[in-house]
Amino acid sequence: MELTERQQQKLQEILDILQEECGEIVQCVSKVRRFGLDNSYKDGGTQRENLTQEIGDFLLLVDLLYTYNVFTEAEVQEAKLRKSQKLKQWSKVYED
């Protein structure tokens, strides 16, 4: 599907914001590892709540990318399956 110039501008903005959100998630994860999930955050919430908010922001932008046909939900599900297979092989996250 060919995007109009306006749609291309919007897509660029979505990608810019997505990039910022990814950086914010990295920062949140660092704070969770450093201080713990339930440690109070500077605004009175917890690190868990802050991480939840940032993940929600990220997922909204993923949903917007679906609307611009950057990828489909089926393609993302397939990518998630491939990653889970790699994790089962190379990490311990699925072990009991």
# chains A, B, ... in the order shown; residues from 1 in each chain; ligands from 1
>>> residues_around(residues="region 67-81 of chain A", least_positions_apart="6", cutoff="12 Å", atoms="only C-alpha atoms", output="list in words")
Met1, Glu2, Leu3, Thr4, Arg6, Gln7, Gln8, Gln9, Lys10, Leu11, Gln12, Ile14, Leu15, Leu60, Leu61, Leu87 and Lys88 of chain A
>>> select_by_dssp(residues="region 46-75 of chain A", states="alpha helix (DSSP H)", output="list in words")
Gln47, Arg48, Glu49, Asn50, Leu51, Thr52, Gln53, Glu54, Ile55, Gly56, Asp57, Phe58, Leu59, Leu60, Leu61, Val62, Asp63, Leu64, Leu65, Tyr66, Thr67, Glu73, Ala74 and Glu75 of chain A
>>> closest_residue(among="A:Gly45, A:Phe58, A:Asn50, A:Ile17", to="Val32 (chain A)", atoms="only C-alpha atoms")
A:Asn50
>>> closest_residue(among="A:Leu65, A:Gly36, A:Asp96, A:Trp90", to="Glu13 (chain A)", atoms="only C-alpha atoms")
A:Leu65
>>> closest_residue(among="A:Cys28, A:Lys83, A:Tyr66, A:Gly56", to="Tyr41 (chain A)", atoms="only C-alpha atoms")
A:Cys28
>>> atom_distance(atom1="CA of Arg34 (chain A)", atom2="CA of Leu51 (chain A)")
13.3 Å
>>> residues_around(residues="Asp38 (chain A)", least_positions_apart="5", cutoff="7 Å", atoms="only C-alpha atoms", output="PDB file with N, CA and C atoms, in the first residue's frame")
ATOM      1  N   THR A  46       5.412   3.247  41.944  1.00  0.00           N
ATOM      2  CA  THR A  46       6.512   2.283  42.059  1.00  0.00           C
ATOM      3  C   THR A  46       7.203   2.127  40.708  1.00  0.00           C
ATOM      4  N   GLN A  47       8.353   1.493  40.750  1.00  0.00           N
ATOM      5  CA  GLN A  47       9.068   1.181  39.512  1.00  0.00           C
ATOM      6  C   GLN A  47       8.190   0.300  38.617  1.00  0.00           C
ATOM      7  N   ARG A  48       7.438  -0.616  39.216  1.00  0.00           N
ATOM      8  CA  ARG A  48       6.536  -1.494  38.471  1.00  0.00           C
ATOM      9  C   ARG A  48       5.495  -0.656  37.713  1.00  0.00           C
TER      10      ARG A  48
END
>>> residues_around(residues="Leu59 (chain A)", least_positions_apart="4", cutoff="12 Å", atoms="only C-alpha atoms", output="NGL selection string")
:A and (14 or 17-18 or 21-22 or 25 or 52-55 or 63-66)
>>> write_last_selection(atoms="N, CA and C atoms", output="PDB file, in the first residue's frame")
ATOM      1  N   ILE A  14       5.402   8.571  14.327  1.00  0.00           N
ATOM      2  CA  ILE A  14       5.196   7.365  15.132  1.00  0.00           C
ATOM      3  C   ILE A  14       6.526   6.681  15.404  1.00  0.00           C
ATOM      4  N   ILE A  17       8.571   8.663  17.968  1.00  0.00           N
ATOM      5  CA  ILE A  17       8.063   8.482  19.328  1.00  0.00           C
ATOM      6  C   ILE A  17       8.361   7.068  19.820  1.00  0.00           C
ATOM      7  N   LEU A  18       8.232   6.077  18.943  1.00  0.00           N
ATOM      8  CA  LEU A  18       8.567   4.697  19.309  1.00  0.00           C
ATOM      9  C   LEU A  18      10.015   4.595  19.766  1.00  0.00           C
ATOM     10  N   GLU A  21      10.264   5.963  23.212  1.00  0.00           N
ATOM     11  CA  GLU A  21       9.677   5.038  24.188  1.00  0.00           C
ATOM     12  C   GLU A  21      10.602   3.862  24.466  1.00  0.00           C
ATOM     13  N   CYS A  22      11.270   3.368  23.443  1.00  0.00           N
ATOM     14  CA  CYS A  22      12.223   2.270  23.655  1.00  0.00           C
ATOM     15  C   CYS A  22      13.328   2.696  24.612  1.00  0.00           C
ATOM     16  N   ILE A  25      11.927   2.706  28.081  1.00  0.00           N
ATOM     17  CA  ILE A  25      11.812   1.343  28.621  1.00  0.00           C
ATOM     18  C   ILE A  25      13.173   0.860  29.111  1.00  0.00           C
ATOM     19  N   THR A  52       5.103  -0.361  33.741  1.00  0.00           N
ATOM     20  CA  THR A  52       3.815  -0.688  33.125  1.00  0.00           C
ATOM     21  C   THR A  52       3.365   0.441  32.197  1.00  0.00           C
ATOM     22  N   GLN A  53       3.500   1.672  32.655  1.00  0.00           N
ATOM     23  CA  GLN A  53       3.110   2.820  31.825  1.00  0.00           C
ATOM     24  C   GLN A  53       3.944   2.876  30.548  1.00  0.00           C
ATOM     25  N   GLU A  54       5.242   2.686  30.671  1.00  0.00           N
ATOM     26  CA  GLU A  54       6.113   2.763  29.500  1.00  0.00           C
ATOM     27  C   GLU A  54       5.840   1.620  28.515  1.00  0.00           C
ATOM     28  N   ILE A  55       5.569   0.418  29.024  1.00  0.00           N
ATOM     29  CA  ILE A  55       5.217  -0.702  28.144  1.00  0.00           C
ATOM     30  C   ILE A  55       3.904  -0.398  27.434  1.00  0.00           C
ATOM     31  N   ASP A  63       0.586  -0.738  17.981  1.00  0.00           N
ATOM     32  CA  ASP A  63      -0.752  -0.777  17.380  1.00  0.00           C
ATOM     33  C   ASP A  63      -0.878   0.230  16.238  1.00  0.00           C
ATOM     34  N   LEU A  64      -0.307   1.407  16.416  1.00  0.00           N
ATOM     35  CA  LEU A  64      -0.345   2.402  15.337  1.00  0.00           C
ATOM     36  C   LEU A  64       0.418   1.916  14.104  1.00  0.00           C
ATOM     37  N   LEU A  65       1.502   1.186  14.317  1.00  0.00           N
ATOM     38  CA  LEU A  65       2.253   0.647  13.174  1.00  0.00           C
ATOM     39  C   LEU A  65       1.422  -0.389  12.422  1.00  0.00           C
ATOM     40  N   TYR A  66       0.577  -1.130  13.141  1.00  0.00           N
ATOM     41  CA  TYR A  66      -0.342  -2.048  12.464  1.00  0.00           C
ATOM     42  C   TYR A  66      -1.261  -1.267  11.521  1.00  0.00           C
TER      43      TYR A  66
END
>>> closest_residue(among="A:Phe35, A:Gln19, A:Glu5, A:Gln27", to="Val62 (chain A)", atoms="only C-alpha atoms")
A:Gln19
>>> atom_distance(atom1="CA of Glu24 (chain A)", atom2="CA of Leu37 (chain A)")
15.7 Å
